[in-house]
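Structure file start35.cif (mmCIF, C-alpha atoms) follows.
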data_entry
#
loop_
_atom_site.group_PDB
_atom_site.id
_atom_site.type_symbol
_atom_site.label_atom_id
_atom_site.label_comp_id
_atom_site.auth_asym_id
_atom_site.auth_seq_id
_atom_site.Cartn_x
_atom_site.Cartn_y
_atom_site.Cartn_z
ATOM 1 C CA MET A 1 5.252 -13.228 -10.202
ATOM 2 C CA ASP A 2 6.194 -15.299 -7.144
ATOM 3 C CA ASP A 3 6.374 -13.949 -3.616
ATOM 4 C CA GLU A 4 10.180 -13.729 -3.495
ATOM 5 C CA ALA A 5 10.271 -11.685 -6.696
ATOM 6 C CA MET A 6 7.580 -9.349 -5.408
ATOM 7 C CA ILE A 7 9.527 -8.681 -2.209
ATOM 8 C CA ALA A 8 12.787 -8.204 -4.114
ATOM 9 C CA ARG A 9 11.210 -5.677 -6.474
ATOM 10 C CA ARG A 10 9.802 -3.624 -3.631
ATOM 11 C CA ARG A 11 13.124 -3.623 -1.766
ATOM 12 C CA GLU A 12 15.047 -2.567 -4.865
ATOM 13 C CA ALA A 13 12.599 0.224 -5.633
ATOM 14 C CA MET A 14 13.007 1.733 -2.197
ATOM 15 C CA THR A 15 16.817 1.454 -2.084
ATOM 16 C CA GLY A 16 17.322 3.007 -5.482
ATOM 17 C CA GLY A 17 19.546 0.202 -6.745
ATOM 18 C CA LYS A 18 20.287 0.028 -10.468
ATOM 19 C CA PRO A 19 19.749 -3.526 -11.761
ATOM 20 C CA PRO A 20 21.290 -4.887 -14.966
ATOM 21 C CA ARG A 21 19.492 -4.704 -18.293
ATOM 22 C CA ARG A 22 15.876 -5.822 -17.883
ATOM 23 C CA SER A 23 12.987 -6.724 -20.127
ATOM 24 C CA ARG A 24 10.405 -4.058 -20.915
ATOM 25 C CA GLY A 25 7.830 -5.650 -18.602
ATOM 26 C CA ARG A 26 10.207 -5.980 -15.681
ATOM 27 C CA LEU A 27 11.559 -2.472 -16.155
ATOM 28 C CA ALA A 28 8.008 -1.089 -16.166
ATOM 29 C CA ASP A 29 7.358 -2.981 -12.922
ATOM 30 C CA GLU A 30 10.436 -1.443 -11.342
ATOM 31 C CA VAL A 31 9.445 2.045 -12.495
ATOM 32 C CA TYR A 32 5.985 1.424 -11.063
ATOM 33 C CA ASP A 33 7.431 0.438 -7.680
ATOM 34 C CA THR A 34 9.710 3.472 -7.662
ATOM 35 C CA LEU A 35 6.837 5.841 -8.419
ATOM 36 C CA LEU A 36 4.652 4.128 -5.851
ATOM 37 C CA GLY A 37 7.352 4.589 -3.236
ATOM 38 C CA GLN A 38 7.670 8.276 -4.104
ATOM 39 C CA LEU A 39 3.909 8.677 -3.954
ATOM 40 C CA MET A 40 3.649 7.125 -0.516
ATOM 41 C CA SER A 41 6.592 9.080 0.850
ATOM 42 C CA LEU A 42 5.093 12.317 -0.545
ATOM 43 C CA ARG A 43 8.109 12.960 -2.754
ATOM 44 C CA ILE A 44 5.345 13.263 -5.344
ATOM 45 C CA GLU A 45 2.743 15.439 -3.666
ATOM 46 C CA PRO A 46 -1.040 15.020 -3.985
ATOM 47 C CA GLY A 47 -2.417 17.283 -6.690
ATOM 48 C CA SER A 48 0.919 17.706 -8.465
ATOM 49 C CA ARG A 49 1.547 17.123 -12.178
ATOM 50 C CA VAL A 50 3.630 14.214 -13.447
ATOM 51 C CA THR A 51 5.151 14.380 -16.919
ATOM 52 C CA ILE A 52 6.688 11.481 -18.787
ATOM 53 C CA ASP A 53 9.768 13.274 -20.121
ATOM 54 C CA VAL A 54 10.709 14.640 -16.689
ATOM 55 C CA LEU A 55 10.349 11.196 -15.085
ATOM 56 C CA ALA A 56 12.384 9.599 -17.871
ATOM 57 C CA ARG A 57 15.250 12.009 -17.179
ATOM 58 C CA GLU A 58 15.012 11.592 -13.405
ATOM 59 C CA LEU A 59 14.980 7.782 -13.511
ATOM 60 C CA GLY A 60 17.405 7.403 -16.409
ATOM 61 C CA VAL A 61 15.126 5.224 -18.530
ATOM 62 C CA SER A 62 13.277 5.626 -21.802
ATOM 63 C CA GLN A 63 9.729 6.936 -21.962
ATOM 64 C CA THR A 64 8.264 3.500 -22.771
ATOM 65 C CA PRO A 65 8.493 1.931 -19.279
ATOM 66 C CA ILE A 66 7.357 5.255 -17.808
ATOM 67 C CA ARG A 67 4.238 5.134 -19.976
ATOM 68 C CA ASP A 68 3.610 1.491 -19.065
ATOM 69 C CA ALA A 69 3.940 2.214 -15.347
ATOM 70 C CA LEU A 70 1.725 5.301 -15.508
ATOM 71 C CA ASN A 71 -0.918 3.420 -17.496
ATOM 72 C CA ARG A 72 -0.993 0.819 -14.739
ATOM 73 C CA MET A 73 -1.216 3.506 -12.065
ATOM 74 C CA GLU A 74 -4.042 5.180 -13.972
ATOM 75 C CA ALA A 75 -5.997 1.923 -14.084
ATOM 76 C CA GLU A 76 -5.589 1.638 -10.311
ATOM 77 C CA GLY A 77 -6.697 5.191 -9.638
ATOM 78 C CA LEU A 78 -3.281 6.365 -8.447
ATOM 79 C CA VAL A 79 -2.834 8.941 -11.198
ATOM 80 C CA VAL A 80 -5.243 10.754 -13.502
ATOM 81 C CA ARG A 81 -4.491 11.370 -17.167
ATOM 82 C CA VAL A 82 -4.812 15.035 -18.149
ATOM 83 C CA PRO A 83 -5.315 15.585 -21.914
ATOM 84 C CA HIS A 84 -2.243 17.190 -23.496
ATOM 85 C CA ALA A 85 -0.686 17.721 -20.056
ATOM 86 C CA GLY A 86 0.565 14.354 -18.807
ATOM 87 C CA TYR A 87 -0.735 13.002 -15.514
ATOM 88 C CA ARG A 88 -1.830 14.372 -12.168
ATOM 89 C CA ILE A 89 -1.646 12.850 -8.696
ATOM 90 C CA PRO A 90 -5.152 12.767 -7.167
ATOM 91 C CA PRO A 91 -5.776 14.762 -3.996
ATOM 92 C CA GLN A 92 -5.952 12.991 -0.664
ATOM 93 C CA ILE A 93 -8.960 10.746 -0.193
ATOM 94 C CA THR A 94 -12.127 12.208 1.265
ATOM 95 C CA ARG A 95 -13.777 11.092 4.481
ATOM 96 C CA ASP A 96 -16.601 9.436 2.518
ATOM 97 C CA ARG A 97 -14.137 7.527 0.317
ATOM 98 C CA PHE A 98 -12.233 6.426 3.407
ATOM 99 C CA GLU A 99 -15.390 5.065 5.047
ATOM 100 C CA ASP A 100 -16.314 3.190 1.848
ATOM 101 C CA MET A 101 -12.851 1.613 1.649
ATOM 102 C CA LEU A 102 -13.024 0.600 5.291
ATOM 103 C CA GLU A 103 -16.382 -1.083 4.765
ATOM 104 C CA ALA A 104 -15.083 -2.987 1.736
ATOM 105 C CA ARG A 105 -11.986 -4.145 3.588
ATOM 106 C CA LEU A 106 -14.068 -5.389 6.513
ATOM 107 C CA LEU A 107 -16.075 -7.504 4.083
ATOM 108 C CA LEU A 108 -13.093 -8.936 2.199
ATOM 109 C CA GLU A 109 -9.993 -9.165 4.342
ATOM 110 C CA PRO A 110 -11.255 -11.218 7.305
ATOM 111 C CA ALA A 111 -12.555 -13.757 4.765
ATOM 112 C CA ALA A 112 -9.151 -13.786 3.082
ATOM 113 C CA ALA A 113 -7.380 -14.303 6.417
ATOM 114 C CA ARG A 114 -9.734 -17.167 7.260
ATOM 115 C CA ARG A 115 -8.973 -18.913 3.972
ATOM 116 C CA SER A 116 -5.272 -18.190 4.356
ATOM 117 C CA ALA A 117 -5.242 -20.064 7.670
ATOM 118 C CA GLU A 118 -6.736 -23.036 5.824
ATOM 119 C CA ARG A 119 -4.766 -22.888 2.573
ATOM 120 C CA ALA A 120 -1.479 -20.994 2.977
ATOM 121 C CA SER A 121 1.608 -23.007 2.098
ATOM 122 C CA ALA A 122 4.607 -23.171 4.407
ATOM 123 C CA THR A 123 6.477 -21.005 1.906
ATOM 124 C CA GLN A 124 3.765 -18.348 2.023
ATOM 125 C CA VAL A 125 3.710 -18.346 5.827
ATOM 126 C CA ALA A 126 7.484 -17.902 5.757
ATOM 127 C CA GLY A 127 7.029 -15.053 3.266
ATOM 128 C CA LEU A 128 4.616 -13.302 5.611
ATOM 129 C CA ARG A 129 7.120 -13.682 8.425
ATOM 130 C CA ARG A 130 9.935 -12.238 6.299
ATOM 131 C CA LEU A 131 7.791 -9.220 5.462
ATOM 132 C CA LEU A 132 7.163 -8.585 9.156
ATOM 133 C CA GLU A 133 10.896 -8.855 9.812
ATOM 134 C CA GLU A 134 11.573 -6.239 7.152
ATOM 135 C CA MET A 135 8.843 -4.021 8.568
ATOM 136 C CA ALA A 136 10.375 -4.343 12.033
ATOM 137 C CA GLU A 137 13.700 -3.114 10.653
ATOM 138 C CA LEU A 138 11.960 -0.083 9.141
ATOM 139 C CA GLU A 139 9.770 0.645 12.171
ATOM 140 C CA GLY A 140 10.483 4.090 13.507
ATOM 141 C CA GLY A 141 12.980 4.794 10.748
ATOM 142 C CA ASP A 142 13.923 8.347 9.929
ATOM 143 C CA GLY A 143 12.421 10.149 6.976
ATOM 144 C CA LEU A 144 9.470 9.766 4.657
ATOM 145 C CA MET A 145 11.193 7.160 2.483
ATOM 146 C CA ALA A 146 11.484 4.776 5.437
ATOM 147 C CA TYR A 147 7.831 5.367 6.192
ATOM 148 C CA GLY A 148 6.939 4.777 2.547
ATOM 149 C CA ALA A 149 8.997 1.578 2.518
ATOM 150 C CA PHE A 150 7.070 0.384 5.566
ATOM 151 C CA GLY A 151 3.810 1.151 3.802
ATOM 152 C CA LEU A 152 4.844 -0.855 0.746
ATOM 153 C CA ARG A 153 5.592 -3.876 2.901
ATOM 154 C CA ASP A 154 2.329 -3.383 4.761
ATOM 155 C CA ALA A 155 0.558 -3.569 1.398
ATOM 156 C CA ALA A 156 2.643 -6.603 0.394
ATOM 157 C CA PHE A 157 1.702 -8.361 3.645
ATOM 158 C CA HIS A 158 -2.019 -7.916 3.040
ATOM 159 C CA ASP A 159 -1.612 -8.913 -0.610
ATOM 160 C CA LEU A 160 0.202 -12.104 0.346
ATOM 161 C CA VAL A 161 -2.570 -12.985 2.806
ATOM 162 C CA ALA A 162 -5.053 -12.574 -0.042
ATOM 163 C CA LEU A 163 -2.833 -14.567 -2.412
ATOM 164 C CA SER A 164 -2.507 -17.437 0.038
ATOM 165 C CA ALA A 165 -6.298 -17.495 0.427
ATOM 166 C CA GLU A 166 -6.413 -18.717 -3.192
ATOM 167 C CA ASN A 167 -9.314 -16.426 -4.071
ATOM 168 C CA GLN A 168 -8.299 -14.320 -7.030
ATOM 169 C CA VAL A 169 -11.484 -12.232 -6.970
ATOM 170 C CA ILE A 170 -10.811 -11.063 -3.409
ATOM 171 C CA ARG A 171 -7.183 -10.352 -4.223
ATOM 172 C CA GLU A 172 -8.047 -8.306 -7.312
ATOM 173 C CA ALA A 173 -10.712 -6.354 -5.449
ATOM 174 C CA LEU A 174 -8.278 -5.458 -2.670
ATOM 175 C CA ALA A 175 -5.582 -4.520 -5.179
ATOM 176 C CA ARG A 176 -7.945 -2.112 -6.916
ATOM 177 C CA LEU A 177 -8.659 -0.369 -3.631
ATOM 178 C CA HIS A 178 -4.981 0.381 -3.024
ATOM 179 C CA ALA A 179 -6.174 1.291 0.440
ATOM 180 C CA HIS A 180 -2.739 1.160 2.012
ATOM 181 C CA VAL A 181 -1.246 3.578 -0.458
ATOM 182 C CA HIS A 182 -3.971 6.136 0.128
ATOM 183 C CA LEU A 183 -4.032 5.697 3.893
ATOM 184 C CA PHE A 184 -0.288 5.876 4.414
ATOM 185 C CA ARG A 185 -0.261 9.116 2.416
ATOM 186 C CA LEU A 186 -2.597 10.579 5.027
ATOM 187 C CA LEU A 187 -0.515 10.241 8.147
ATOM 188 C CA HIS A 188 3.208 10.099 8.863
ATOM 189 C CA ASP A 189 3.466 8.926 12.432
ATOM 190 C CA THR A 190 5.763 6.248 13.844
ATOM 191 C CA GLN A 191 2.990 5.209 16.226
ATOM 192 C CA VAL A 192 1.072 3.892 13.219
ATOM 193 C CA THR A 193 3.907 1.539 12.295
ATOM 194 C CA HIS A 194 4.311 0.356 15.889
ATOM 195 C CA LEU A 195 0.628 -0.443 16.374
ATOM 196 C CA ALA A 196 0.294 -2.046 12.943
ATOM 197 C CA MET A 197 3.243 -4.348 13.657
ATOM 198 C CA ALA A 198 1.610 -5.821 16.763
ATOM 199 C CA GLU A 199 -1.666 -6.361 14.897
ATOM 200 C CA HIS A 200 0.102 -7.999 11.949
ATOM 201 C CA GLU A 201 1.844 -10.356 14.363
ATOM 202 C CA GLU A 202 -1.543 -11.491 15.665
ATOM 203 C CA VAL A 203 -2.788 -12.155 12.133
ATOM 204 C CA LEU A 204 0.333 -14.126 11.229
ATOM 205 C CA ALA A 205 0.245 -16.136 14.454
ATOM 206 C CA ALA A 206 -3.324 -17.253 13.742
ATOM 207 C CA ILE A 207 -2.533 -18.156 10.113
ATOM 208 C CA ALA A 208 0.576 -20.094 11.154
ATOM 209 C CA ALA A 209 -1.471 -21.912 13.809
ATOM 210 C CA ARG A 210 -4.044 -22.883 11.146
ATOM 211 C CA ASP A 211 -6.813 -21.261 13.171
ATOM 212 C CA PRO A 212 -9.339 -19.772 10.685
ATOM 213 C CA ASP A 213 -11.576 -18.148 13.304
ATOM 214 C CA ALA A 214 -8.646 -16.492 15.076
ATOM 215 C CA ALA A 215 -7.195 -15.296 11.773
ATOM 216 C CA ALA A 216 -10.465 -13.714 10.675
ATOM 217 C CA TYR A 217 -10.922 -12.112 14.101
ATOM 218 C CA ALA A 218 -7.357 -10.754 14.184
ATOM 219 C CA MET A 219 -7.675 -9.280 10.701
ATOM 220 C CA ARG A 220 -11.038 -7.690 11.477
ATOM 221 C CA ARG A 221 -9.667 -6.158 14.658
ATOM 222 C CA HIS A 222 -6.605 -4.865 12.791
ATOM 223 C CA ILE A 223 -8.752 -3.152 10.147
ATOM 224 C CA LEU A 224 -11.089 -1.655 12.764
ATOM 225 C CA ARG A 225 -8.190 -0.308 14.809
ATOM 226 C CA SER A 226 -6.502 1.043 11.702
ATOM 227 C CA GLY A 227 -9.786 2.713 10.794
ATOM 228 C CA GLU A 228 -9.966 4.337 14.215
ATOM 229 C CA ARG A 229 -6.442 5.725 13.852
ATOM 230 C CA PHE A 230 -7.104 7.281 10.475
ATOM 231 C CA ARG A 231 -10.597 8.433 11.451
ATOM 232 C CA ARG A 232 -9.026 10.489 14.238
ATOM 233 C CA LEU A 233 -6.841 12.126 11.613
ATOM 234 C CA PHE A 234 -9.871 13.223 9.610
ATOM 235 C CA ASP A 235 -11.372 14.653 12.794
ATOM 236 C CA GLU A 236 -8.169 16.561 13.551
ATOM 237 C CA VAL A 237 -8.041 18.015 10.043
ATOM 238 C CA LYS A 238 -11.695 19.077 10.312
ATOM 239 C CA ASP A 239 -11.068 20.720 13.697
ATOM 240 C CA GLU A 240 -8.100 22.627 12.274
ATOM 241 C CA ALA A 241 -10.181 23.792 9.308
ATOM 242 C CA ASP A 242 -13.013 24.878 11.583
ATOM 243 C CA GLY A 243 -10.549 26.769 13.773
ATOM 244 C CA MET A 244 -9.088 28.615 10.787
ATOM 245 C CA ALA A 245 -12.593 29.494 9.601
ATOM 246 C CA VAL A 246 -13.405 31.017 13.011
ATOM 247 C CA LYS A 247 -10.187 33.049 13.031
ATOM 248 C CA GLY A 248 -10.885 34.242 9.495
#

Translate this file's structure into C-alpha cells.
Amino acid sequence: MDDEAMIARRREAMTGGKPPRRSRGRLADEVYDTLLGQLMSLRIEPGSRVTIDVLARELGVSQTPIRDALNRMEAEGLVVRVPHAGYRIPPQITRDRFEDMLEARLLLEPAAARRSAERASATQVAGLRRLLEEMAELEGGDGLMAYGAFGLRDAAFHDLVALSAENQVIREALARLHAHVHLFRLLHDTQVTHLAMAEHEEVLAAIAARDPDAAAYAMRRHILRSGERFRRLFDEVKDEADGMAVKG
C-alpha cells in the first residue's frame, strides 16, 4: 500500500467515517486501524477481553474482517488468543520489555534515518511533512481519541522513515515491535506530543537536507529523549506502588 493510502486509512479509522463497500482485505485493514486506535486511546483497556461477535455488532461489519484484523493483531503481539474465549488485550509492558525495545530501536532507527536521508524520494519527504502537519493539528487536542490519533501518526512517521530507507528487514523488525502503540498506552500527557513534535521536525529537516549524519543523530536523540520521558513514568509508578505498600 502506498503512503497516501496508509495516511488515508489511519485518518478514516480515527474519524469513524463509513466508506462505501470495500474488499475483504481493505475492510480488514480498516477494522484493524479502528481497533488499533481504540487500543491506543484506552477505549479498549489493557487486560480486557475482546470477543468477535461483540466487535462485529459495534462496528457494523461481519465477523470475517474482525477475525482477519484480530489475527493480524495477534501476530504483532497486540492481542492474545484465549482458547474458547476470544481474545485478550495484553497488560501494559514491563520495565524490562521497555528497556529491550529501547535498545532495539537505538540499533535500528538511526540507521533507517541515515538511509532515508540518502534514499528518500521527494514524495516520501512530502509525506513525512504532511504527517507532521496532521500531528501539529492534533497536538494538545482534547480527549484520549485525539491522543490516540497523534500516536498513530507518530507510528506512521517512523514507519515512513523506515520505508524510505529501502531496507525491508529494518522496517519489518520495527513493525513487529509496535513500540509506539505500547508506549503511547503508557502515558497520556500533552507534553509528550509537544516534545515529540520538535524532535520529529529535527529528523525531517535532516532527511530533507540529505544529511545522513544529522538524520541519524536527530533520530538517536529523539529515541533517547523519548526513553527518558517514559522511564520517568515507570519510576513514578514504582514510587506510587512503594508508597501504597508502606501505607498498607

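Proximity to range 212-224 of chain A at 9 Å, evaluated using all atoms listed in the file and with sequence-adjacent residues fewer than 6 positions away removed, yields Leu102, Arg105, Leu106, Leu107, Glu109, Pro110, Ala111, Ala112, Ala113, Arg114, Arg115, Ser116, Ala117, Glu118, Ala196, Glu199, His200, Glu202, Val203, Leu204, Ala205 and Ala206 of chain A.
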
*Within 12 Å of range 79-82 of chain A, counting all atoms listed in the file, which residues show up once you throw out same-chain ones fewer than 3 positions away? Write them as a PyMOL selection string, please.*
chain A and resi 32+35-36+39+44-52+67+69-76+85-92+182

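In terms of minimum interatomic distance to Ala120 in chain A, A:Arg210 ranks closest within A:Arg95, A:Arg210, A:His194, A:His84, counting all atoms listed in the file.
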
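When CA of Gly227 in chain A is paired with CA of Phe98 in chain A, their separation reads 8.6 Å.
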
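Reported to one decimal place, the separation of CA of Phe157 in chain A from CA of Thr193 in chain A is 13.3 Å.
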
*asked:* Report, in Å to a single decimal, how far apart CA of Asp100 in chain A and CA of Asn167 in chain A are.
replied: 21.7 Å

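Closest approach to Gly37 in chain A from the set A:Ala165, A:Ala146, A:Leu177, A:Ile207 is made by A:Ala146, with distances taken over only C-alpha atoms.
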
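Evaluated against the shown file, the PyMOL selection byres ((chain A and resi 171) around 9) gives A:Leu108, A:Ala112, A:Asp159, A:Leu160, A:Val161, A:Ala162, A:Leu163, A:Ala165, A:Glu166, A:Asn167, A:Gln168, A:Val169, A:Ile170, A:Glu172, A:Ala173, A:Leu174, A:Ala175, A:Arg176.
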
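Among the candidates A:Val61, A:Ile66, A:Arg231, A:Glu236, the residue lying nearest to Asp96 in chain A is A:Arg231 (atoms considered: all atoms listed in the file).
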
*Using only C-alpha atoms, pick whichever of A:Glu137, A:Phe234, A:Leu128, A:Leu42 has the shortest atom-to-atom distance to Glu99 in chain A.*
A:Phe234

_Which of A:Phe230, A:Leu152, A:Ala208, A:Ala28 sits closest to Ser164 in chain A [using all atoms listed in the file]_ = A:Ala208

Return as AutoDock Vina command-line options the centre and edge lengths, in Å with one decimal, of the box along x, y and z that encloses every atom of range 85-98 of chain A in the file, padded by 6 Å per side.
--center_x -8.0 --center_y 12.1 --center_z -7.8 --size_x 29.2 --size_y 23.3 --size_z 36.5

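Residues with any atom within 12 Å of Met197 in chain A, counting all atoms listed in the file and excluding same-chain neighbours fewer than 6 positions away, are Arg129, Leu131, Leu132, Glu133, Glu134, Met135, Ala136, Glu137, Leu138, Glu139, Gly140, Phe150, Gly151, Arg153, Asp154, Phe157, Thr190, Gln191, Val203, Leu204, His222 and Ser226 of chain A.
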
I need the chosen residues saved as a PDB file, in the frame of the given file, with C-alpha atoms.
ATOM      1  CA  ARG A 129       7.120 -13.682   8.425  1.00  0.00           C
ATOM      2  CA  LEU A 131       7.791  -9.220   5.462  1.00  0.00           C
ATOM      3  CA  LEU A 132       7.163  -8.585   9.156  1.00  0.00           C
ATOM      4  CA  GLU A 133      10.896  -8.855   9.812  1.00  0.00           C
ATOM      5  CA  GLU A 134      11.573  -6.239   7.152  1.00  0.00           C
ATOM      6  CA  MET A 135       8.843  -4.021   8.568  1.00  0.00           C
ATOM      7  CA  ALA A 136      10.375  -4.343  12.033  1.00  0.00           C
ATOM      8  CA  GLU A 137      13.700  -3.114  10.653  1.00  0.00           C
ATOM      9  CA  LEU A 138      11.960  -0.083   9.141  1.00  0.00           C
ATOM     10  CA  GLU A 139       9.770   0.645  12.171  1.00  0.00           C
ATOM     11  CA  GLY A 140      10.483   4.090  13.507  1.00  0.00           C
ATOM     12  CA  PHE A 150       7.070   0.384   5.566  1.00  0.00           C
ATOM     13  CA  GLY A 151       3.810   1.151   3.802  1.00  0.00           C
ATOM     14  CA  ARG A 153       5.592  -3.876   2.901  1.00  0.00           C
ATOM     15  CA  ASP A 154       2.329  -3.383   4.761  1.00  0.00           C
ATOM     16  CA  PHE A 157       1.702  -8.361   3.645  1.00  0.00           C
ATOM     17  CA  THR A 190       5.763   6.248  13.844  1.00  0.00           C
ATOM     18  CA  GLN A 191       2.990   5.209  16.226  1.00  0.00           C
ATOM     19  CA  VAL A 203      -2.788 -12.155  12.133  1.00  0.00           C
ATOM     20  CA  LEU A 204       0.333 -14.126  11.229  1.00  0.00           C
ATOM     21  CA  HIS A 222      -6.605  -4.865  12.791  1.00  0.00           C
ATOM     22  CA  SER A 226      -6.502   1.043  11.702  1.00  0.00           C
TER      23      SER A 226
END
